[in-house]
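This is target-v2.txt. It holds compact mmCIF, C-alpha atoms.
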# COMPACT_ATOMS: atom_id res chain seq x y z
CA MET A 5 0.00 0.00 0.00
CA ASN A 6 1.48 3.36 -0.98
CA GLU A 7 1.43 6.60 0.98
CA ILE A 8 -1.52 8.09 -0.89
CA GLU A 9 -3.69 5.05 -0.18
CA ILE A 10 -2.76 5.18 3.50
CA VAL A 11 -3.55 8.89 3.62
CA GLN A 12 -6.92 8.26 1.96
CA MET A 13 -7.76 5.65 4.60
CA ALA A 14 -6.72 8.07 7.34
CA GLN A 15 -8.90 10.73 5.74
CA GLN A 16 -11.85 8.37 6.23
CA GLY A 17 -11.05 8.30 9.95
CA ASP A 18 -8.97 5.11 10.04
CA THR A 19 -6.68 5.67 13.05
CA HIS A 20 -4.65 2.55 12.22
CA ALA A 21 -3.71 4.11 8.92
CA PHE A 22 -2.88 7.33 10.71
CA ARG A 23 -0.69 5.38 13.13
CA GLN A 24 1.20 4.07 10.13
CA LEU A 25 1.78 7.64 8.95
CA PHE A 26 2.99 8.49 12.43
CA GLU A 27 5.47 5.62 12.40
CA GLU A 28 6.86 6.63 9.02
CA ASN A 29 7.29 10.32 9.83
CA LYS A 30 7.76 10.58 13.61
CA ARG A 31 11.55 10.61 13.66
CA ARG A 32 11.94 13.37 11.08
CA VAL A 33 9.44 15.61 12.86
CA PHE A 34 10.93 14.93 16.28
CA THR A 35 14.49 15.55 15.07
CA LEU A 36 13.53 18.90 13.59
CA ALA A 37 11.68 19.87 16.77
CA PHE A 38 14.60 18.86 18.95
CA GLN A 39 17.14 20.69 16.83
CA TYR A 40 14.94 23.74 17.00
CA THR A 41 14.18 23.70 20.72
CA LYS A 42 17.18 21.79 22.08
CA ASN A 43 14.81 20.31 24.59
CA LYS A 44 13.45 16.79 24.55
CA GLU A 45 10.17 17.57 26.34
CA ASP A 46 9.44 20.51 24.09
CA ALA A 47 10.26 18.40 21.04
CA GLU A 48 7.82 15.71 22.24
CA ASP A 49 5.11 18.35 22.71
CA ILE A 50 5.74 19.60 19.18
CA LEU A 51 5.63 16.04 17.84
CA GLN A 52 2.21 15.53 19.39
CA GLU A 53 0.91 18.93 18.32
CA THR A 54 2.06 18.28 14.77
CA PHE A 55 0.25 14.95 14.39
CA ILE A 56 -2.92 16.08 16.17
CA LYS A 57 -3.09 19.14 13.95
CA ALA A 58 -2.36 17.04 10.88
CA PHE A 59 -5.16 14.59 11.74
CA HIS A 60 -7.73 17.34 12.08
CA SER A 61 -6.55 18.94 8.83
CA LEU A 62 -6.28 15.72 6.80
CA ASN A 63 -9.13 16.62 4.49
CA LYS A 64 -7.31 19.79 3.49
CA PHE A 65 -4.42 17.72 2.20
CA LYS A 66 -4.54 17.14 -1.55
CA ALA A 67 -1.85 14.95 -3.04
CA GLN A 68 -0.16 16.79 -5.88
CA ASP A 69 2.90 16.23 -7.97
CA ASP A 70 5.05 18.55 -5.92
CA THR A 71 3.53 17.93 -2.51
CA ASN A 72 3.56 14.58 -0.79
CA PHE A 73 2.19 13.86 2.65
CA SER A 74 5.63 13.97 4.31
CA SER A 75 6.35 17.47 2.98
CA TRP A 76 2.92 18.64 4.04
CA LEU A 77 3.39 17.18 7.52
CA TYR A 78 6.87 18.63 7.73
CA ARG A 79 5.46 22.08 7.08
CA ILE A 80 3.01 21.60 9.94
CA GLY A 81 5.96 20.51 12.10
CA ILE A 82 7.90 23.66 11.26
CA ASN A 83 4.95 25.89 12.10
CA ALA A 84 4.26 23.92 15.29
CA SER A 85 7.91 24.37 16.33
CA ILE A 86 7.85 28.12 15.77
CA ASP A 87 4.46 28.44 17.50
CA HIS A 88 5.60 26.33 20.42
CA LEU A 89 8.64 28.50 20.98
CA ARG A 90 6.55 31.65 20.65
CA LYS A 91 4.12 30.40 23.28
CA ASN A 92 6.92 29.43 25.59
CA LYS A 93 9.29 32.31 24.96
CA MET A 94 8.99 33.49 28.53
CA LYS A 95 10.10 30.14 29.85
CA LYS A 96 13.65 30.70 30.96
CA ASP A 97 14.67 27.11 30.39
CA ASN A 98 14.16 27.54 26.64
CA TYR A 99 17.07 29.92 26.52
CA ILE A 100 20.66 29.30 27.25
CA ASP A 101 22.04 31.95 29.49
CA SER A 102 25.66 32.92 29.02
CA ASP A 103 26.10 32.47 32.74
CA GLN A 104 25.10 28.84 32.40
CA LEU A 105 27.82 28.09 29.92
CA PRO A 106 30.24 25.53 31.23
CA ASN A 107 33.72 26.69 31.90
CA ILE A 108 35.40 24.75 29.16
CA SER A 109 38.89 25.45 30.23
CA SER A 110 38.39 24.31 33.83
CA ASP A 111 39.39 20.86 34.88
CA ASP A 112 36.19 18.92 35.58
CA GLY A 113 38.08 15.96 36.94
CA PHE A 114 37.82 13.90 33.75
CA SER A 115 40.54 13.48 31.21
CA GLN A 116 39.10 14.66 27.87
CA PRO A 117 40.99 14.89 24.63
CA GLU A 118 41.54 18.46 23.52
CA HIS A 119 39.47 17.93 20.41
CA ALA A 120 36.46 16.75 22.38
CA ILE A 121 36.65 19.78 24.62
CA ARG A 122 36.76 22.06 21.63
CA ILE A 123 33.79 20.32 20.02
CA LYS A 124 31.85 20.75 23.21
CA GLU A 125 32.74 24.41 23.32
CA ILE A 126 31.67 24.95 19.72
CA ARG A 127 28.38 23.18 20.31
CA THR A 128 27.67 25.28 23.35
CA LYS A 129 28.46 28.47 21.46
CA LEU A 130 26.28 27.35 18.58
CA ASP A 131 23.36 26.50 20.85
CA LEU A 132 23.70 29.89 22.50
CA SER A 133 23.80 31.64 19.14
CA LEU A 134 20.77 29.77 17.84
CA SER A 135 18.76 30.45 20.99
CA GLN A 136 19.29 34.17 20.44
CA LEU A 137 18.39 34.22 16.77
CA PRO A 138 14.98 35.44 15.63
CA LYS A 139 12.69 32.43 15.19
CA GLY A 140 12.56 32.65 11.39
CA GLN A 141 16.35 32.85 11.01
CA ARG A 142 16.75 30.02 13.45
CA MET A 143 14.39 27.79 11.51
CA VAL A 144 16.03 28.64 8.17
CA PHE A 145 19.45 27.81 9.58
CA ILE A 146 18.25 24.48 11.01
CA LEU A 147 16.48 23.50 7.82
CA ARG A 148 19.51 24.33 5.69
CA HIS A 149 22.32 23.23 7.96
CA TYR A 150 20.88 20.24 9.82
CA GLN A 151 18.00 19.09 7.65
CA GLN A 152 19.96 19.92 4.50
CA LEU A 153 17.04 21.35 2.59
CA SER A 154 17.98 23.57 -0.34
CA VAL A 155 17.11 27.26 -0.29
CA LYS A 156 14.35 26.54 -2.80
CA GLU A 157 12.90 23.74 -0.67
CA ILE A 158 12.96 25.99 2.40
CA ALA A 159 11.24 28.76 0.47
CA ASP A 160 8.56 26.33 -0.67
CA THR A 161 8.13 24.90 2.81
CA MET A 162 8.02 28.23 4.60
CA LYS A 163 5.98 29.92 1.87
CA CYS A 164 8.44 32.74 1.26
CA SER A 165 10.82 33.82 -1.50
CA GLU A 166 14.24 32.32 -2.11
CA GLY A 167 15.71 35.79 -1.67
CA SER A 168 14.21 36.02 1.79
CA VAL A 169 15.60 32.61 2.74
CA LYS A 170 19.08 33.61 1.51
CA LYS A 171 18.97 36.81 3.56
CA GLN A 172 17.91 34.96 6.69
CA LEU A 173 20.53 32.28 6.23
CA PHE A 174 23.20 34.94 5.78
CA ARG A 175 22.11 36.86 8.89
CA ALA A 176 21.97 33.69 10.97
CA PHE A 177 25.46 32.73 9.87
CA GLN A 178 26.77 36.24 10.59
CA MET A 179 25.43 36.02 14.13
CA ILE A 180 27.09 32.66 14.64
CA LYS A 181 30.36 34.00 13.28
CA LYS A 182 30.29 36.84 15.80
CA ARG A 183 29.80 34.36 18.62
CA PHE A 184 32.68 32.28 17.38
CA LYS A 185 35.25 35.07 17.36
CA SER A 186 36.71 33.96 20.65
CA LEU A 187 37.17 30.45 19.24
CA PHE A 188 38.47 31.52 15.86
CA PRO A 189 40.34 34.79 16.19
CA GLU A 190 39.93 36.61 12.88
CA ASP A 191 43.54 37.73 12.91
CA ASN A 192 44.50 34.17 12.06
CA TYR A 193 42.79 34.51 8.68
CA GLU A 194 44.87 37.15 7.00
CA MET A 195 45.69 36.34 3.40
CA GLN A 196 49.20 35.10 2.86
CA MET B 15 29.01 44.67 -6.94
CA LYS B 16 29.72 45.89 -3.43
CA CYS B 17 31.50 43.91 -0.71
CA ASN B 18 28.25 43.50 1.26
CA LYS B 19 26.75 41.45 -1.51
CA PHE B 20 29.90 39.33 -1.76
CA ARG B 21 29.80 38.74 2.01
CA GLU B 22 26.31 37.27 1.52
CA ASN B 23 27.53 35.21 -1.40
CA ILE B 24 30.38 33.83 0.70
CA VAL B 25 27.81 32.21 3.00
CA LEU B 26 25.70 31.01 0.09
CA ASP B 27 28.81 29.54 -1.54
CA LEU B 28 29.59 27.53 1.59
CA TYR B 29 26.09 26.08 1.37
CA GLY B 30 26.46 25.37 -2.35
CA GLU B 31 23.78 27.85 -3.36
CA LEU B 32 25.71 29.83 -5.98
CA ASP B 33 25.59 29.14 -9.68
CA ASN B 34 28.80 29.01 -11.74
CA LYS B 35 28.65 32.66 -12.76
CA GLU B 36 28.13 33.90 -9.20
CA LYS B 37 30.87 31.63 -7.97
CA ALA B 38 33.32 32.93 -10.58
CA GLU B 39 32.47 36.55 -9.69
CA LEU B 40 33.01 35.80 -6.02
CA GLU B 41 36.40 34.16 -6.64
CA GLN B 42 37.49 37.09 -8.78
CA HIS B 43 36.45 39.56 -6.07
CA ILE B 44 38.17 37.63 -3.30
CA SER B 45 41.40 37.62 -5.27
CA SER B 46 41.39 41.41 -5.32
CA CYS B 47 39.78 42.29 -1.94
CA ALA B 48 41.73 41.51 1.21
CA GLU B 49 38.82 42.08 3.61
CA CYS B 50 36.47 39.75 1.73
CA ALA B 51 39.24 37.18 1.39
CA LYS B 52 39.76 37.27 5.15
CA ASP B 53 36.03 36.94 5.73
CA TYR B 54 35.90 34.03 3.31
CA LEU B 55 38.62 32.09 5.17
CA TYR B 56 37.08 32.83 8.55
CA SER B 57 33.59 31.85 7.37
CA LYS B 58 34.98 28.65 5.94
CA SER B 59 36.56 27.74 9.28
CA VAL B 60 33.34 28.39 11.18
CA PHE B 61 31.36 26.43 8.60
CA GLN B 62 33.75 23.50 8.89
CA ALA B 63 33.48 23.60 12.66
CA LEU B 64 29.71 23.45 12.39
CA GLU B 65 29.95 20.57 9.96
CA ASP B 66 31.90 18.64 12.56
CA LEU B 67 28.96 18.97 14.94
CA GLU B 68 26.51 17.18 12.73
CA THR B 69 26.76 13.96 14.63
CA GLU B 70 24.82 15.48 17.51
CA ASP B 71 22.87 12.80 19.30
CA ILE B 72 19.14 13.12 19.08
CA PRO B 73 17.48 11.69 22.20
CA GLU B 74 15.09 8.79 21.76
CA PRO B 75 11.63 9.76 22.97
CA ALA B 76 9.04 7.30 24.25
CA TRP B 77 7.30 6.83 20.91
CA ASP B 78 4.44 4.72 22.27
CA SER B 79 3.70 7.21 24.99
CA ASN B 80 3.66 10.02 22.45
CA TRP B 81 1.37 8.07 20.16
CA GLY B 82 -0.88 7.30 23.13
CA LYS B 83 -1.37 11.01 23.75
CA ILE B 84 -1.99 11.68 20.07
CA ASP B 85 -4.44 8.78 19.87
CA LEU B 86 -6.31 10.06 22.90
CA ALA B 87 -6.58 13.52 21.40
CA ILE B 88 -7.83 12.33 18.03
CA GLN B 89 -10.27 9.86 19.57
CA ASP B 90 -12.24 12.87 20.83
CA LYS B 91 -13.06 13.46 17.18
CA PRO B 92 -13.07 9.99 15.61
CA LYS B 93 -12.96 11.30 12.07
CA PRO B 94 -10.93 14.09 10.54
CA GLN B 95 -12.87 17.31 10.65
CA PRO B 96 -14.29 17.52 7.15
CA LEU B 97 -15.35 20.57 5.27
CA PHE B 98 -18.94 21.64 6.04
CA GLY B 99 -19.24 18.94 8.71
CA LEU B 100 -19.77 16.23 6.13
CA SER B 101 -17.57 13.56 4.65
CA PRO B 102 -16.28 14.53 1.19
CA LYS B 103 -18.64 12.05 -0.50
CA TRP B 104 -21.70 13.56 1.15
CA ALA B 105 -20.38 17.07 0.67
CA TYR B 106 -20.16 16.43 -3.06
CA ALA B 107 -23.63 14.88 -3.09
CA ALA B 108 -25.07 17.85 -1.20
CA ALA B 109 -23.31 20.25 -3.52
CA GLY B 110 -24.74 18.37 -6.50
CA VAL B 111 -28.29 18.49 -5.16
CA SER B 112 -27.93 22.19 -4.38
CA LEU B 113 -26.64 22.85 -7.88
CA VAL B 114 -29.60 21.02 -9.45
CA PHE B 115 -31.98 22.91 -7.17
CA ILE B 116 -30.49 26.28 -8.06
CA LEU B 117 -30.45 25.43 -11.75
CA GLY B 118 -34.09 24.32 -11.39
CA ILE B 119 -35.07 27.67 -9.98
CA PHE B 120 -33.38 29.57 -12.77
CA THR B 121 -34.70 27.23 -15.43
CA GLY B 122 -38.19 27.45 -13.97
CA ARG B 123 -38.04 31.22 -13.97
CA PHE B 124 -36.99 31.12 -17.58
CA TRP B 125 -39.43 28.56 -18.93
CA PHE B 126 -42.38 29.21 -16.61
CA PRO B 127 -42.28 32.90 -15.89
CA GLN B 128 -44.60 34.10 -13.14
CA LYS B 129 -45.60 37.23 -14.99
CA GLN B 130 -47.20 36.04 -18.22
CA VAL B 131 -48.33 39.35 -19.64
CA GLY B 132 -46.94 42.78 -20.06
CA PRO B 133 -43.86 43.13 -17.89
CA ILE B 134 -42.43 39.73 -18.90
CA SER B 135 -41.62 41.18 -22.29
CA ALA B 136 -39.46 43.80 -20.61
CA GLU B 137 -37.33 41.01 -19.08
CA LEU B 138 -36.59 39.39 -22.43
CA SER B 139 -33.91 40.62 -24.72
CA GLN B 140 -34.63 41.45 -28.36
CA GLU B 141 -32.24 38.72 -29.37
CA HIS B 142 -34.18 36.16 -27.38
CA ILE B 143 -37.50 37.30 -28.94
CA GLN B 144 -36.08 37.04 -32.44
CA ARG B 145 -34.78 33.55 -31.76
CA THR B 146 -38.11 32.36 -30.36
CA LEU B 147 -40.06 33.93 -33.22
CA ALA B 148 -37.80 32.35 -35.82
CA GLN B 149 -38.28 28.95 -34.22
CA HIS B 150 -42.06 29.42 -34.21
CA PHE B 151 -42.05 30.37 -37.90
CA GLU B 152 -40.02 27.27 -38.69
CA ASN B 153 -42.63 25.15 -36.95
CA ILE B 154 -45.52 26.77 -38.74
CA ARG B 155 -44.03 27.14 -42.20
CA PRO B 156 -44.69 23.55 -43.47
CA VAL B 157 -48.39 23.91 -42.73
CA LEU B 158 -48.62 27.28 -44.47
CA VAL B 159 -46.61 26.07 -47.48
CA GLU B 160 -48.84 23.07 -47.83
CA MET B 161 -51.96 25.25 -47.71
CA ALA B 162 -50.46 27.76 -50.15
CA ASN B 163 -49.91 24.91 -52.63
CA TYR B 164 -53.40 23.53 -52.20
CA THR B 165 -55.08 22.42 -55.36
CA ALA B 166 -58.72 21.46 -55.25
CA LEU B 167 -59.52 18.19 -56.99
CA GLU B 168 -62.69 17.39 -58.79
CA ASN B 169 -63.93 15.00 -56.13
CA GLY B 170 -63.67 17.73 -53.50
CA ASN B 171 -60.59 16.26 -51.79
CA GLY B 172 -57.32 18.10 -51.89
CA THR B 173 -53.67 17.54 -51.29
CA VAL B 174 -53.68 18.97 -47.78
CA LEU B 175 -53.50 16.63 -44.80
CA VAL B 176 -54.36 18.33 -41.55
CA ASP B 177 -53.29 16.96 -38.19
CA GLN B 178 -55.70 18.60 -35.74
CA ALA B 179 -53.53 18.01 -32.68
CA THR B 180 -50.58 19.71 -34.34
CA ILE B 181 -52.76 22.65 -35.38
CA LYS B 182 -54.03 23.11 -31.82
CA ASN B 183 -50.50 23.10 -30.44
CA LEU B 184 -49.46 25.67 -33.04
CA ILE B 185 -52.42 27.89 -32.08
CA ILE B 186 -51.42 27.82 -28.39
CA GLN B 187 -47.81 28.53 -29.28
CA ASN B 188 -48.90 31.39 -31.52
CA ILE B 189 -51.08 32.97 -28.81
CA LEU B 190 -48.29 32.78 -26.20
CA LEU B 191 -45.77 34.28 -28.56
CA LYS B 192 -48.14 37.05 -29.56
CA SER B 193 -48.66 38.03 -25.91
CA LEU B 194 -44.93 37.83 -25.34
CA ILE B 195 -44.03 40.33 -28.02
CA SER B 196 -47.12 42.46 -27.68
CA GLY B 197 -46.10 46.11 -27.83
CA LYS B 198 -42.55 45.25 -28.79
CA ASP B 199 -42.68 44.33 -32.46
CA PRO B 200 -45.85 45.44 -34.35
CA THR B 201 -44.77 43.80 -37.62
CA ALA B 202 -44.28 40.43 -35.95
CA VAL B 203 -47.55 40.80 -34.07
CA GLN B 204 -49.37 41.47 -37.34
CA ILE B 205 -47.90 38.32 -38.91
CA LEU B 206 -48.87 36.28 -35.88
CA GLU B 207 -52.45 37.59 -36.09
CA ASP B 208 -52.63 36.55 -39.73
CA VAL B 209 -51.21 33.16 -38.85
CA ASP B 210 -53.76 32.92 -36.08
CA LEU B 211 -56.61 33.34 -38.57
CA VAL B 212 -55.20 30.61 -40.81
CA LEU B 213 -54.67 28.20 -37.95
CA ARG B 214 -58.16 28.70 -36.52
CA GLU B 215 -59.70 27.99 -39.91
CA LEU B 216 -57.59 24.89 -40.24
CA ALA B 217 -58.59 23.72 -36.77
CA ASN B 218 -62.25 23.77 -37.72
CA ILE B 219 -61.99 22.44 -41.23
CA ASP B 220 -63.73 19.26 -42.39
CA GLU B 221 -61.90 16.69 -44.49
CA GLY B 222 -63.89 17.38 -47.66
CA ASP B 223 -64.34 21.14 -47.22
CA SER B 224 -62.46 22.26 -50.31
CA GLY B 225 -64.04 25.72 -50.20
CA THR B 226 -62.53 26.57 -46.83
CA LYS B 227 -59.17 25.20 -47.94
CA SER B 228 -59.23 27.44 -50.98
CA MET B 229 -60.22 30.36 -48.82
CA ILE B 230 -57.25 29.67 -46.49
CA LYS B 231 -54.95 29.49 -49.52
CA LYS B 232 -56.24 32.87 -50.66
CA LEU B 233 -55.78 34.31 -47.18
CA ILE B 234 -52.13 33.23 -47.09
CA ASP B 235 -51.53 34.72 -50.53
CA ASP B 236 -53.40 37.95 -49.99
CA ARG B 237 -51.73 38.75 -46.71
CA GLU B 238 -48.39 37.58 -48.01
CA ILE B 239 -47.84 35.66 -44.77
CA LEU B 240 -44.98 33.46 -45.99
CA MET B 241 -43.19 36.38 -47.60
CA ASN B 242 -43.56 38.55 -44.49
CA MET B 243 -42.23 35.72 -42.35
CA ASN B 244 -39.18 35.45 -44.57
CA ILE B 245 -38.59 39.19 -44.50
CA LEU B 246 -38.88 39.34 -40.73
CA GLN B 247 -36.51 36.40 -40.27
CA GLN B 248 -33.90 38.07 -42.46
CA MET B 249 -34.03 41.39 -40.59
The structure given in the file should be rewritten as structure tokens.
Amino acid sequence: MNEIEIVQMAQQGDTHAFRQLFEENKRRVFTLAFQYTKNKEDAEDILQETFIKAFHSLNKFKAQDDTNFSSWLYRIGINASIDHLRKNKMKKDNYIDSDQLPNISSDDGFSQPEHAIRIKEIRTKLDLSLSQLPKGQRMVFILRHYQQLSVKEIADTMKCSEGSVKKQLFRAFQMIKKRFKSLFPEDNYEMQ
Amino acid sequence: MKCNKFRENIVLDLYGELDNKEKAELEQHISSCAECAKDYLYSKSVFQALEDLETEDIPEPAWDSNWGKIDLAIQDKPKPQPLFGLSPKWAYAAAGVSLVFILGIFTGRFWFPQKQVGPISAELSQEHIQRTLAQHFENIRPVLVEMANYTALENGNGTVLVDQATIKNLIIQNILLKSLISGKDPTAVQILEDVDLVLRELANIDEGDSGTKSMIKKLIDDREILMNMNILQQM
């Protein structure tokens, strides 16, 4: 049975068919939500919101050449992620405070290779940068960098122009670069 | 192109979003602009560092528990919320019935107008009147032609065969049309009155009444009914 047939069964109210759609798409939606929120509980909330919303909107879905169910669901997941963060923006635990950053250089009692320490430092800096980006820029960066969607695919998914996506990607990357200056001193990049 | 645009293209190049021409322009600019070249190398280092992070572990949620919550939420509404509160099949059926109903109303208004006299004529276009009149003349013409060619035989019988039911229908049609165009087209009304005389005579004629048939033939000729019909149709 192909995806369209399963969707059609789900559209008739068949929850077993909808469960099948959940099984086939759950990981992609959860991964996106986790990368966006950096929080497992929030990502689980978004996963549930996405599928509940999708179920109640199933009859609005029309299979077309350029839109399959996964893409349609993914779009709902993106919107659910942005909405979730908007609703919870006052929750302090959604943001990474600079004061909470681990002191990378301190000796935590474990022997870690230098490379691993640096990776950890970069990740922390990145998470901090992403948490401070506007929601749209943050989503564009995640979709392009982690989900590896092309600019065109992002534009289609987020219903905006390719030019807008390029601008947001550029601004997001500029912000990250600023945060990384302490890790990669710019003076080291003079042309020879 | 200014450096700002090239700074944007540096990022897009790292993500493989530049076409060959843009890429060539960027490379040419970098070779002649120290600041952009520095930014390019720095951006590349940051990009590479981010690439190294891609193996970030994604936690494994309790899938069954998540599905359980979803299932509970969708069980409140067993079926997807359809448009108009109906399943698509019934929605289409309802739409079909509504369409037929609406079409019925419009068709009924057209074919069975409530106002039969006077004002109805104001609602009809001249084009519609002409079309209806032409159709009526086409229906009536064979009868008139046959009567115009009538030749009385010695035994009193003629060549005309009259179907009384057809004649009665033509009379009704003629009356309705006359009332429809009353006051709108005097020439057409006059023709219809002449036709009316002919049809009424035909309706009352006996099979062997050659005198009446001859009189009808004379009436058609004298009033030039066929010719007037042709003229009106060609106007």
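In chain A, the set of residues within 7 Å of chain B (atoms considered: only C-alpha atoms) is Gln15, Gln16, Gly17, Thr35, Lys44, Gln52, Phe55, Ile56, Phe59, His60, Ser61, Leu62, Asn63, Arg127, Phe174, Lys181, Glu190, Tyr193, Glu194 and Met195 of chain A.
Note that CA of Phe65 in chain A and CA of His149 in chain A are 27.9 Å apart.
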Counting all atoms listed in the file, the option among A:Arg31, A:Lys156, A:Lys42, A:Arg148 closest to Phe177 in chain A: A:Arg148
Which polymer residues, whether protein, DNA or RNA, lie within 12 Å of the coordinate (-52.7, 33.4, -52.3) when you count all atoms listed in the file? List them as a PyMOL selection string, using the chain letters and numbers from the file. chain B and resi 158-165+227-241
Output the selection as a PDB file, in the frame of the given file - C-alpha atoms for each residue.
ATOM      1  CA  LEU B 158     -48.620  27.280 -44.470  1.00  0.00           C
ATOM      2  CA  VAL B 159     -46.610  26.070 -47.480  1.00  0.00           C
ATOM      3  CA  GLU B 160     -48.840  23.070 -47.830  1.00  0.00           C
ATOM      4  CA  MET B 161     -51.960  25.250 -47.710  1.00  0.00           C
ATOM      5  CA  ALA B 162     -50.460  27.760 -50.150  1.00  0.00           C
ATOM      6  CA  ASN B 163     -49.910  24.910 -52.630  1.00  0.00           C
ATOM      7  CA  TYR B 164     -53.400  23.530 -52.200  1.00  0.00           C
ATOM      8  CA  THR B 165     -55.080  22.420 -55.360  1.00  0.00           C
ATOM      9  CA  LYS B 227     -59.170  25.200 -47.940  1.00  0.00           C
ATOM     10  CA  SER B 228     -59.230  27.440 -50.980  1.00  0.00           C
ATOM     11  CA  MET B 229     -60.220  30.360 -48.820  1.00  0.00           C
ATOM     12  CA  ILE B 230     -57.250  29.670 -46.490  1.00  0.00           C
ATOM     13  CA  LYS B 231     -54.950  29.490 -49.520  1.00  0.00           C
ATOM     14  CA  LYS B 232     -56.240  32.870 -50.660  1.00  0.00           C
ATOM     15  CA  LEU B 233     -55.780  34.310 -47.180  1.00  0.00           C
ATOM     16  CA  ILE B 234     -52.130  33.230 -47.090  1.00  0.00           C
ATOM     17  CA  ASP B 235     -51.530  34.720 -50.530  1.00  0.00           C
ATOM     18  CA  ASP B 236     -53.400  37.950 -49.990  1.00  0.00           C
ATOM     19  CA  ARG B 237     -51.730  38.750 -46.710  1.00  0.00           C
ATOM     20  CA  GLU B 238     -48.390  37.580 -48.010  1.00  0.00           C
ATOM     21  CA  ILE B 239     -47.840  35.660 -44.770  1.00  0.00           C
ATOM     22  CA  LEU B 240     -44.980  33.460 -45.990  1.00  0.00           C
ATOM     23  CA  MET B 241     -43.190  36.380 -47.600  1.00  0.00           C
TER      24      MET B 241
END
Mind checking which residues fall within 8 Å of Phe151 in chain B, counting all atoms listed in the file, ignoring those fewer than 4 positions away in the same chain, and posting them as an MDAnalysis selection string? chainID B and resid 147 155 243
Report, in Å to a single decimal, how far apart CA of Gly197 in chain B and CA of Pro156 in chain B are. 27.5 Å
Rounded to one decimal in Å, what is the spacing between CA of Leu51 in chain A and CA of Asp131 in chain A? 20.8 Å
At most 12 Å from (15.7, 34.1, 0.9), file frame, only C-alpha atoms: which residues, as a PyMOL selection string? (chain A and resi 140-141+144-145+148+154-160+162-176) or (chain B and resi 22+26+31)
Quick one: residues within 10 Å of Asn83 in chain A, all atoms listed in the file counted, chain neighbours fewer than 2 positions away excluded, as a list in words? Ile50, Thr54, Leu77, Tyr78, Arg79, Ile80, Gly81, Ser85, Ile86, Asp87, His88, Leu89, Met143, Thr161 and Met162 of chain A
Please, could you write that set of residues out with C-alpha atoms as a PDB file, in the frame of the given file?
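Contents of part.pdb, freshly written:
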ATOM      1  CA  ILE A  50       5.740  19.600  19.180  1.00  0.00           C
ATOM      2  CA  THR A  54       2.060  18.280  14.770  1.00  0.00           C
ATOM      3  CA  LEU A  77       3.390  17.180   7.520  1.00  0.00           C
ATOM      4  CA  TYR A  78       6.870  18.630   7.730  1.00  0.00           C
ATOM      5  CA  ARG A  79       5.460  22.080   7.080  1.00  0.00           C
ATOM      6  CA  ILE A  80       3.010  21.600   9.940  1.00  0.00           C
ATOM      7  CA  GLY A  81       5.960  20.510  12.100  1.00  0.00           C
ATOM      8  CA  SER A  85       7.910  24.370  16.330  1.00  0.00           C
ATOM      9  CA  ILE A  86       7.850  28.120  15.770  1.00  0.00           C
ATOM     10  CA  ASP A  87       4.460  28.440  17.500  1.00  0.00           C
ATOM     11  CA  HIS A  88       5.600  26.330  20.420  1.00  0.00           C
ATOM     12  CA  LEU A  89       8.640  28.500  20.980  1.00  0.00           C
ATOM     13  CA  MET A 143      14.390  27.790  11.510  1.00  0.00           C
ATOM     14  CA  THR A 161       8.130  24.900   2.810  1.00  0.00           C
ATOM     15  CA  MET A 162       8.020  28.230   4.600  1.00  0.00           C
TER      16      MET A 162
END
